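Undergrad: Take a look at my_file27.cif, mmCIF, C-alpha atoms and all ligand atoms:
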data_run
loop_
_atom_site.group_PDB
_atom_site.id
_atom_site.type_symbol
_atom_site.label_atom_id
_atom_site.label_comp_id
_atom_site.auth_asym_id
_atom_site.auth_seq_id
_atom_site.Cartn_x
_atom_site.Cartn_y
_atom_site.Cartn_z
ATOM 1 C CA MET A 1 101.610 78.830 121.667
ATOM 2 C CA LYS A 2 103.676 77.416 118.818
ATOM 3 C CA VAL A 3 103.032 79.058 115.483
ATOM 4 C CA ILE A 4 104.415 78.658 111.964
ATOM 5 C CA LEU A 5 104.042 81.523 109.490
ATOM 6 C CA LEU A 6 104.298 80.241 105.927
ATOM 7 C CA GLY A 7 104.354 82.326 102.775
ATOM 8 C CA PRO A 8 106.507 83.243 99.806
ATOM 9 C CA PRO A 9 109.431 85.690 100.026
ATOM 10 C CA GLY A 10 108.025 89.153 100.744
ATOM 11 C CA ALA A 11 104.656 87.864 102.008
ATOM 12 C CA GLY A 12 105.166 89.723 105.282
ATOM 13 C CA LYS A 13 106.311 86.853 107.523
ATOM 14 C CA GLY A 14 108.962 88.969 109.215
ATOM 15 C CA THR A 15 106.760 92.076 109.493
ATOM 16 C CA GLN A 16 103.949 90.112 111.128
ATOM 17 C CA ALA A 17 106.133 87.802 113.240
ATOM 18 C CA ARG A 18 107.819 90.797 114.911
ATOM 19 C CA GLN A 19 104.449 92.276 115.900
ATOM 20 C CA LEU A 20 102.992 88.951 117.029
ATOM 21 C CA ALA A 21 106.094 88.252 119.119
ATOM 22 C CA GLU A 22 105.571 91.569 120.883
ATOM 23 C CA LYS A 23 101.836 91.044 121.402
ATOM 24 C CA TYR A 24 102.028 87.465 122.656
ATOM 25 C CA GLY A 25 105.369 87.714 124.491
ATOM 26 C CA ILE A 26 107.007 84.831 122.654
ATOM 27 C CA PRO A 27 110.121 84.951 120.444
ATOM 28 C CA GLN A 28 110.222 85.252 116.650
ATOM 29 C CA LEU A 29 112.458 82.527 115.241
ATOM 30 C CA SER A 30 113.544 83.585 111.754
ATOM 31 C CA THR A 31 116.043 81.213 110.137
ATOM 32 C CA GLY A 32 116.784 83.931 107.564
ATOM 33 C CA ASP A 33 117.729 86.413 110.323
ATOM 34 C CA MET A 34 119.770 83.757 112.143
ATOM 35 C CA LEU A 35 121.655 82.823 108.968
ATOM 36 C CA ARG A 36 122.349 86.497 108.165
ATOM 37 C CA ALA A 37 123.677 86.974 111.719
ATOM 38 C CA ALA A 38 125.894 83.881 111.330
ATOM 39 C CA LEU A 39 127.172 85.194 108.012
ATOM 40 C CA LYS A 40 127.980 88.580 109.541
ATOM 41 C CA ALA A 41 129.766 86.936 112.472
ATOM 42 C CA GLY A 42 131.735 84.709 110.071
ATOM 43 C CA THR A 43 130.791 81.446 111.825
ATOM 44 C CA GLU A 44 130.999 78.015 110.187
ATOM 45 C CA VAL A 45 127.209 77.966 109.723
ATOM 46 C CA GLY A 46 127.437 81.374 108.045
ATOM 47 C CA LEU A 47 130.109 80.139 105.656
ATOM 48 C CA LYS A 48 128.033 77.075 104.778
ATOM 49 C CA ALA A 49 124.993 79.253 104.051
ATOM 50 C CA LYS A 50 126.647 82.096 102.128
ATOM 51 C CA ALA A 51 126.573 80.844 98.520
ATOM 52 C CA ALA A 52 123.004 79.488 98.719
ATOM 53 C CA MET A 53 121.672 82.700 100.270
ATOM 54 C CA GLU A 54 123.373 84.931 97.730
ATOM 55 C CA ALA A 55 121.884 82.858 94.884
ATOM 56 C CA GLY A 56 118.405 82.793 96.471
ATOM 57 C CA ALA A 57 118.617 79.005 96.856
ATOM 58 C CA LEU A 58 117.869 77.085 100.046
ATOM 59 C CA VAL A 59 120.537 76.338 102.620
ATOM 60 C CA PRO A 60 120.820 72.537 103.239
ATOM 61 C CA ASP A 61 118.092 71.118 105.485
ATOM 62 C CA GLU A 62 120.532 69.759 108.091
ATOM 63 C CA VAL A 63 122.032 73.232 108.643
ATOM 64 C CA VAL A 64 118.703 74.971 109.364
ATOM 65 C CA VAL A 65 117.265 72.002 111.284
ATOM 66 C CA GLY A 66 120.375 72.140 113.516
ATOM 67 C CA ILE A 67 119.907 75.873 114.129
ATOM 68 C CA ILE A 68 116.238 75.452 115.107
ATOM 69 C CA ALA A 69 116.905 72.362 117.244
ATOM 70 C CA ASP A 70 119.400 74.393 119.301
ATOM 71 C CA ARG A 71 117.227 77.492 119.459
ATOM 72 C CA ILE A 72 114.001 75.872 120.708
ATOM 73 C CA GLN A 73 115.866 74.438 123.672
ATOM 74 C CA GLU A 74 116.470 77.918 125.038
ATOM 75 C CA ALA A 75 114.411 79.065 128.017
ATOM 76 C CA ASP A 76 112.499 81.801 126.162
ATOM 77 C CA CYS A 77 110.935 79.178 123.852
ATOM 78 C CA GLN A 78 109.306 77.335 126.754
ATOM 79 C CA LYS A 79 106.027 79.266 126.402
ATOM 80 C CA GLY A 80 106.060 79.063 122.621
ATOM 81 C CA PHE A 81 107.483 80.746 119.528
ATOM 82 C CA ILE A 82 106.681 82.077 116.084
ATOM 83 C CA LEU A 83 108.594 80.367 113.301
ATOM 84 C CA ASP A 84 109.273 82.693 110.358
ATOM 85 C CA GLY A 85 110.877 81.079 107.297
ATOM 86 C CA PHE A 86 111.081 77.579 108.771
ATOM 87 C CA PRO A 87 110.139 74.874 107.828
ATOM 88 C CA ARG A 88 110.743 75.554 104.137
ATOM 89 C CA THR A 89 110.833 71.980 102.814
ATOM 90 C CA VAL A 90 108.770 68.905 103.678
ATOM 91 C CA PRO A 91 111.814 67.160 105.236
ATOM 92 C CA GLN A 92 112.315 70.244 107.498
ATOM 93 C CA ALA A 93 108.650 69.985 108.567
ATOM 94 C CA GLN A 94 109.070 66.288 109.331
ATOM 95 C CA GLU A 95 112.209 66.984 111.404
ATOM 96 C CA LEU A 96 110.422 69.775 113.281
ATOM 97 C CA ASP A 97 107.531 67.437 114.163
ATOM 98 C CA LYS A 98 110.035 64.896 115.469
ATOM 99 C CA MET A 99 112.021 67.370 117.565
ATOM 100 C CA LEU A 100 108.853 68.798 119.110
ATOM 101 C CA ALA A 101 107.350 65.362 119.783
ATOM 102 C CA GLY A 102 110.577 64.461 121.587
ATOM 103 C CA ARG A 103 109.894 67.359 123.978
ATOM 104 C CA GLY A 104 106.170 66.578 124.329
ATOM 105 C CA MET A 105 105.235 69.551 122.156
ATOM 106 C CA ALA A 106 103.318 70.111 118.919
ATOM 107 C CA ILE A 107 102.571 73.012 116.577
ATOM 108 C CA ASP A 108 99.275 74.788 117.392
ATOM 109 C CA HIS A 109 98.839 76.966 114.290
ATOM 110 C CA VAL A 110 100.243 76.938 110.766
ATOM 111 C CA ILE A 111 99.195 80.071 108.877
ATOM 112 C CA ASP A 112 99.926 80.728 105.231
ATOM 113 C CA ILE A 113 100.191 84.396 104.239
ATOM 114 C CA ALA A 114 98.956 83.972 100.673
ATOM 115 C CA CYS A 115 100.253 86.446 98.053
ATOM 116 C CA ASP A 116 100.403 87.187 94.387
ATOM 117 C CA ALA A 117 103.953 86.573 93.059
ATOM 118 C CA GLU A 118 104.250 89.720 90.907
ATOM 119 C CA ALA A 119 103.475 92.026 93.847
ATOM 120 C CA LEU A 120 106.233 90.390 95.835
ATOM 121 C CA VAL A 121 109.048 91.505 93.560
ATOM 122 C CA ALA A 122 108.045 95.161 94.149
ATOM 123 C CA ARG A 123 107.656 94.565 97.863
ATOM 124 C CA ILE A 124 111.066 93.004 98.286
ATOM 125 C CA THR A 125 113.035 95.384 96.085
ATOM 126 C CA GLY A 126 111.487 98.304 98.059
ATOM 127 C CA ARG A 127 112.400 96.863 101.446
ATOM 128 C CA SER A 128 114.970 98.191 103.892
ATOM 129 C CA THR A 129 115.770 97.076 107.431
ATOM 130 C CA CYS A 130 117.289 98.836 110.431
ATOM 131 C CA SER A 131 120.833 97.575 110.984
ATOM 132 C CA LYS A 132 120.480 98.242 114.723
ATOM 133 C CA CYS A 133 116.993 97.067 115.845
ATOM 134 C CA GLY A 134 115.784 95.089 112.813
ATOM 135 C CA GLU A 135 112.641 97.162 112.167
ATOM 136 C CA GLY A 136 111.464 96.761 108.563
ATOM 137 C CA TYR A 137 110.549 99.589 106.138
ATOM 138 C CA HIS A 138 109.267 99.909 102.591
ATOM 139 C CA ALA A 139 109.832 102.602 99.959
ATOM 140 C CA GLN A 140 106.065 102.862 99.272
ATOM 141 C CA HIS A 141 104.162 101.111 102.070
ATOM 142 C CA LYS A 142 106.140 102.078 105.182
ATOM 143 C CA LYS A 143 108.460 105.038 104.703
ATOM 144 C CA PRO A 144 110.677 106.202 107.561
ATOM 145 C CA ALA A 145 110.146 109.842 108.604
ATOM 146 C CA GLN A 146 113.743 110.624 107.615
ATOM 147 C CA ALA A 147 115.204 108.789 104.592
ATOM 148 C CA GLY A 148 117.617 106.008 105.553
ATOM 149 C CA ILE A 149 117.064 106.413 109.327
ATOM 150 C CA CYS A 150 115.034 104.143 111.623
ATOM 151 C CA ASP A 151 112.039 105.873 113.268
ATOM 152 C CA LYS A 152 112.312 103.659 116.328
ATOM 153 C CA CYS A 153 116.011 103.786 117.238
ATOM 154 C CA GLY A 154 117.785 106.153 114.828
ATOM 155 C CA GLY A 155 119.828 103.293 113.327
ATOM 156 C CA THR A 156 120.882 103.194 109.667
ATOM 157 C CA LEU A 157 118.605 101.400 107.197
ATOM 158 C CA THR A 158 120.225 98.803 104.939
ATOM 159 C CA GLN A 159 119.145 96.598 102.028
ATOM 160 C CA ARG A 160 119.650 92.834 102.004
ATOM 161 C CA ALA A 161 122.168 91.447 99.499
ATOM 162 C CA ASP A 162 119.538 89.020 98.152
ATOM 163 C CA ASP A 163 116.891 91.709 97.587
ATOM 164 C CA ASN A 164 117.755 92.443 93.951
ATOM 165 C CA GLU A 165 115.242 91.531 91.233
ATOM 166 C CA GLU A 166 117.176 88.592 89.759
ATOM 167 C CA THR A 167 117.675 86.872 93.118
ATOM 168 C CA VAL A 168 114.091 87.596 94.166
ATOM 169 C CA ARG A 169 112.768 85.863 91.040
ATOM 170 C CA ASN A 170 114.915 82.847 91.846
ATOM 171 C CA ARG A 171 113.672 82.840 95.452
ATOM 172 C CA LEU A 172 110.084 82.814 94.151
ATOM 173 C CA THR A 173 110.829 79.851 91.855
ATOM 174 C CA VAL A 174 112.507 78.002 94.718
ATOM 175 C CA TYR A 175 109.469 78.756 96.907
ATOM 176 C CA GLU A 176 107.054 77.204 94.381
ATOM 177 C CA ALA A 177 109.191 74.104 93.899
ATOM 178 C CA GLN A 178 110.363 73.397 97.450
ATOM 179 C CA THR A 179 108.299 75.360 99.993
ATOM 180 C CA ALA A 180 104.730 75.408 98.616
ATOM 181 C CA PRO A 181 104.505 71.596 99.223
ATOM 182 C CA VAL A 182 104.848 72.319 102.975
ATOM 183 C CA ILE A 183 101.237 73.618 102.832
ATOM 184 C CA GLY A 184 100.089 70.171 101.677
ATOM 185 C CA PHE A 185 102.024 68.618 104.552
ATOM 186 C CA TYR A 186 100.109 70.629 107.193
ATOM 187 C CA ARG A 187 96.694 71.019 105.537
ATOM 188 C CA PRO A 188 95.226 67.654 106.625
ATOM 189 C CA GLY A 189 96.243 68.044 110.301
ATOM 190 C CA GLY A 190 93.593 70.593 111.365
ATOM 191 C CA VAL A 191 96.111 73.274 112.385
ATOM 192 C CA PHE A 192 96.316 74.942 108.962
ATOM 193 C CA LYS A 193 94.739 78.317 108.085
ATOM 194 C CA GLU A 194 95.281 80.940 105.394
ATOM 195 C CA VAL A 195 95.156 84.747 105.512
ATOM 196 C CA ASP A 196 95.076 87.209 102.604
ATOM 197 C CA GLY A 197 98.609 88.603 102.401
ATOM 198 C CA MET A 198 97.603 91.135 99.732
ATOM 199 C CA ALA A 199 95.635 93.150 102.302
ATOM 200 C CA ASP A 200 97.406 96.024 104.040
ATOM 201 C CA MET A 201 99.751 95.240 106.932
ATOM 202 C CA GLY A 202 97.263 96.206 109.646
ATOM 203 C CA ALA A 203 94.506 94.027 108.161
ATOM 204 C CA VAL A 204 96.878 91.056 107.913
ATOM 205 C CA PHE A 205 97.841 91.534 111.566
ATOM 206 C CA LYS A 206 94.163 91.611 112.596
ATOM 207 C CA ALA A 207 93.434 88.433 110.635
ATOM 208 C CA LEU A 208 96.363 86.675 112.311
ATOM 209 C CA CYS A 209 95.304 87.799 115.790
ATOM 210 C CA ALA A 210 91.753 86.579 115.102
ATOM 211 C CA ILE A 211 93.165 83.107 114.467
ATOM 212 C CA LEU A 212 95.610 83.107 117.382
ATOM 213 C CA GLY A 213 93.106 84.529 119.866
HETATM 214 P P1 LIG B 301 114.356 84.760 104.589
HETATM 215 O O1 LIG B 301 115.067 85.813 105.319
HETATM 216 O O2 LIG B 301 113.389 83.907 105.324
HETATM 217 O O3 LIG B 301 113.678 85.400 103.333
HETATM 218 P P2 LIG B 301 112.315 85.072 102.554
HETATM 219 O O4 LIG B 301 111.525 83.881 102.890
HETATM 220 O O5 LIG B 301 112.711 85.199 101.131
HETATM 221 O O6 LIG B 301 111.347 86.104 103.059
HETATM 222 P P3 LIG B 301 111.575 87.605 103.224
HETATM 223 O O7 LIG B 301 112.292 87.879 104.485
HETATM 224 O O8 LIG B 301 112.135 88.169 101.949
HETATM 225 O O9 LIG B 301 110.058 88.097 103.277
HETATM 226 P P4 LIG B 301 109.057 88.236 104.488
HETATM 227 O O10 LIG B 301 107.908 87.317 104.234
HETATM 228 O O11 LIG B 301 109.737 88.152 105.803
HETATM 229 O O12 LIG B 301 108.541 89.711 104.195
HETATM 230 P P5 LIG B 301 108.721 91.082 105.011
HETATM 231 O O13 LIG B 301 107.883 91.025 106.228
HETATM 232 O O14 LIG B 301 110.142 91.460 105.168
HETATM 233 O O15 LIG B 301 115.421 83.802 103.924
HETATM 234 C C1 LIG B 301 116.535 84.312 103.214
HETATM 235 C C2 LIG B 301 117.400 83.174 102.689
HETATM 236 O O16 LIG B 301 117.908 82.412 103.801
HETATM 237 C C3 LIG B 301 116.680 82.153 101.812
HETATM 238 O O17 LIG B 301 116.622 82.556 100.469
HETATM 239 C C4 LIG B 301 117.569 80.917 102.035
HETATM 240 O O18 LIG B 301 118.750 80.978 101.276
HETATM 241 C C5 LIG B 301 117.933 81.018 103.505
HETATM 242 N N1 LIG B 301 116.992 80.326 104.409
HETATM 243 C C6 LIG B 301 116.236 80.892 105.400
HETATM 244 N N2 LIG B 301 115.485 79.958 106.018
HETATM 245 C C7 LIG B 301 115.762 78.781 105.405
HETATM 246 C C8 LIG B 301 115.267 77.453 105.585
HETATM 247 N N3 LIG B 301 114.360 77.158 106.524
HETATM 248 N N4 LIG B 301 115.768 76.475 104.787
HETATM 249 C C9 LIG B 301 116.705 76.748 103.849
HETATM 250 N N5 LIG B 301 117.197 77.986 103.610
HETATM 251 C C10 LIG B 301 116.726 78.996 104.389
HETATM 252 O O19 LIG B 301 108.028 92.082 103.983
HETATM 253 C C11 LIG B 301 108.645 92.410 102.751
HETATM 254 C C12 LIG B 301 108.456 93.889 102.429
HETATM 255 O O20 LIG B 301 107.092 94.144 102.154
HETATM 256 C C13 LIG B 301 108.821 94.819 103.596
HETATM 257 O O21 LIG B 301 109.420 95.977 103.072
HETATM 258 C C14 LIG B 301 107.481 95.135 104.262
HETATM 259 O O22 LIG B 301 107.508 96.422 104.851
HETATM 260 C C15 LIG B 301 106.515 95.068 103.088
HETATM 261 N N6 LIG B 301 105.207 94.517 103.450
HETATM 262 C C16 LIG B 301 104.951 93.506 104.339
HETATM 263 N N7 LIG B 301 103.638 93.254 104.416
HETATM 264 C C17 LIG B 301 103.025 94.100 103.528
HETATM 265 C C18 LIG B 301 101.668 94.324 103.142
HETATM 266 N N8 LIG B 301 100.671 93.603 103.653
HETATM 267 N N9 LIG B 301 101.438 95.270 102.190
HETATM 268 C C19 LIG B 301 102.454 95.980 101.643
HETATM 269 N N10 LIG B 301 103.756 95.832 101.982
HETATM 270 C C20 LIG B 301 104.044 94.899 102.914
HETATM 271 MG MG MG B 302 111.712 87.801 106.441
#
Would it be possible to restate this file's structure as structure tokens?

TA:
Amino acid sequence: MKVILLGPPGAGKGTQARQLAEKYGIPQLSTGDMLRAALKAGTEVGLKAKAAMEAGALVPDEVVVGIIADRIQEADCQKGFILDGFPRTVPQAQELDKMLAGRGMAIDHVIDIACDAEALVARITGRSTCSKCGEGYHAQHKKPAQAGICDKCGGTLTQRADDNEETVRNRLTVYEAQTAPVIGFYRPGGVFKEVDGMADMGAVFKALCAILG
């Protein structure tokens, strides 16, 4: 099963993709996570992405398309995958179609997690993530039992460098201008659906599972 989760920054793509990956036994492919890992490791890709990510702008299409093209060739993607944060421009969507067609594959589901922009600023600025296992938390909606410590693995919780209000507002503007048109790209194909991303996390997960079966 090949799934794309669309949605603005803070919609819950990462939160839901992690749970779906576990339930369906297929990997979560988050270009944001991959770029942050590249940045941390100091690779060439990381260096190319750094300035754009810090400003809340998009990393060039060819960089992220290259990352995904390499990743989907790995054995664990054979049964399918959940794309989180990719494609984020119409040219990325077109390249994805081409690379899948070349392998006799196609996307089965494109699901937009629809949200209200103002709520997203609060969601993102309240977010923290475990530096060890990647579990996500929120200052209001999903508090860890012990402040700053991951419930699952005991790792330290950290905040993303681009999760400050100014950068978040820029990411939302960039989403409207460059990513929202991706919905129009998929809508006519019959694979597109929308879920209400303003519902609580459990309800969003249920709605996604109802679509995926
Ligand atoms: P990326 O890492 O993809 O960030 P993003 O799209 O801005 O999305 P987020 O990760 O902020 O939000 P999310 O939807 O995953 O929400 P989450 O589940 O964490 O990209 C970062 C940067 O990398 C980009 O700005 C760009 O520079 C670059 N990049 C990445 N991919 C690229 C591409 N394809 N092309 C070009 N550049 C690219 O949830 C947020 C918070 O809300 C959490 O705290 C969570 O606990 C909470 N929450 C989740 N769901 C709910 C709910 N239903 N109710 C209440 N709270 C909730
Ligand atoms: Mg994310």

Undergrad: To test your reading of the syntax: which residues would the PyMOL selection byres (((chain A and resi 182) around 9) and not hetatm) return for the file shown? Reply as a PyMOL selection string.

TA: chain A and resi 6+87-93+178-181+183-187

Undergrad: Could you check how far atom CA of Gln159 of chain A sits from atom C13 of ligand LIG 301 (chain B), in Å to one decimal?

TA: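 Taking atom CA of Gln159 of chain A as the start and atom C13 of ligand LIG 301 (chain B) as the end point, the length is 10.6 Å.
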
Undergrad: So what does the PyMOL selection byres (((chain A and resi 155) around 12) and not hetatm) actually pick up in this one, as JSON, numbers by chain?

TA: {"A": [128, 129, 130, 131, 132, 133, 134, 135, 136, 144, 146, 147, 148, 149, 150, 151, 152, 153, 154, 156, 157, 158]}

Undergrad: Excluding segment 188-197 of chain A and its own-chain neighbours fewer than 2 positions away, which residues fall within 6 Å of it when counting all atoms listed in the file? Please give them as a PDB file with C-alpha atoms, in the frame of the given file.

TA:
ATOM      1  CA  HIS A 109      98.839  76.966 114.290  1.00  0.00           C
ATOM      2  CA  VAL A 110     100.243  76.938 110.766  1.00  0.00           C
ATOM      3  CA  ILE A 111      99.195  80.071 108.877  1.00  0.00           C
ATOM      4  CA  ASP A 112      99.926  80.728 105.231  1.00  0.00           C
ATOM      5  CA  ILE A 113     100.191  84.396 104.239  1.00  0.00           C
ATOM      6  CA  ALA A 114      98.956  83.972 100.673  1.00  0.00           C
ATOM      7  CA  CYS A 115     100.253  86.446  98.053  1.00  0.00           C
ATOM      8  CA  TYR A 186     100.109  70.629 107.193  1.00  0.00           C
ATOM      9  CA  ALA A 199      95.635  93.150 102.302  1.00  0.00           C
TER      10      ALA A 199
END

Undergrad: Choose the residue, out of A:Phe86, A:His141, A:Gln78, A:Asp97, that has the smallest atom-to-atom separation from Asp200 of chain A; count all atoms listed in the file.

TA: A:His141

Undergrad: Running the PyMOL selection byres (((chain A and resi 100) around 12) and not hetatm) on this model by hand, what would come out? Give it as number ranges by chain.

TA: A: 2, 65, 68-70, 72-73, 77-78, 80, 93-99, 101-108

Undergrad: So which residues are near ligand LIG 301 (chain B), meaning at most 6 Å away with all atoms listed in the file counted, given back as a PyMOL selection string?

TA: chain A and resi 8-15+31-33+52-53+56-61+64+85-88+123-124+126-127+136-138+141-142+171+197-201

Undergrad: Using atom CA of Asp163 of chain A and atom CA of Thr125 of chain A as the two end points, give the distance in Å to one decimal.

TA: 5.5 Å

Undergrad: Applying 12 Å and all atoms listed in the file, which residues near Ala37 of chain A remain after dropping the ones on its own chain fewer than 5 positions away? List them as a list in words.

TA: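 Counting all atoms listed in the file, the residues come to Ser30, Thr31, Gly32, Gly42, Thr43, Glu44, Val45, Gly46, Leu47, Ala49, Lys50, Ile67, Ser131 and Gly134 of chain A.
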
Undergrad: Emit the selected residues as a PDB file, in the frame of the given file, including C-alpha atoms.

TA:
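Now in result-v6.pdb:
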ATOM      1  CA  SER A  30     113.544  83.585 111.754  1.00  0.00           C
ATOM      2  CA  THR A  31     116.043  81.213 110.137  1.00  0.00           C
ATOM      3  CA  GLY A  32     116.784  83.931 107.564  1.00  0.00           C
ATOM      4  CA  GLY A  42     131.735  84.709 110.071  1.00  0.00           C
ATOM      5  CA  THR A  43     130.791  81.446 111.825  1.00  0.00           C
ATOM      6  CA  GLU A  44     130.999  78.015 110.187  1.00  0.00           C
ATOM      7  CA  VAL A  45     127.209  77.966 109.723  1.00  0.00           C
ATOM      8  CA  GLY A  46     127.437  81.374 108.045  1.00  0.00           C
ATOM      9  CA  LEU A  47     130.109  80.139 105.656  1.00  0.00           C
ATOM     10  CA  ALA A  49     124.993  79.253 104.051  1.00  0.00           C
ATOM     11  CA  LYS A  50     126.647  82.096 102.128  1.00  0.00           C
ATOM     12  CA  ILE A  67     119.907  75.873 114.129  1.00  0.00           C
ATOM     13  CA  SER A 131     120.833  97.575 110.984  1.00  0.00           C
ATOM     14  CA  GLY A 134     115.784  95.089 112.813  1.00  0.00           C
TER      15      GLY A 134
END

Undergrad: Atom CA of Arg71 of chain A and atom CA of Leu212 of chain A are how many Å apart?

TA: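 We find that atom CA of Arg71 of chain A and atom CA of Leu212 of chain A lie 22.4 Å from each other.
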
Undergrad: With distances taken over only C-alpha atoms and all ligand atoms, which of A:Leu29, A:Ala51, A:Val63, A:Ala207 is nearest to ligand MG 302 (chain B)?

TA: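 Ranked by minimum distance to ligand MG 302 (chain B), first place goes to A:Leu29.
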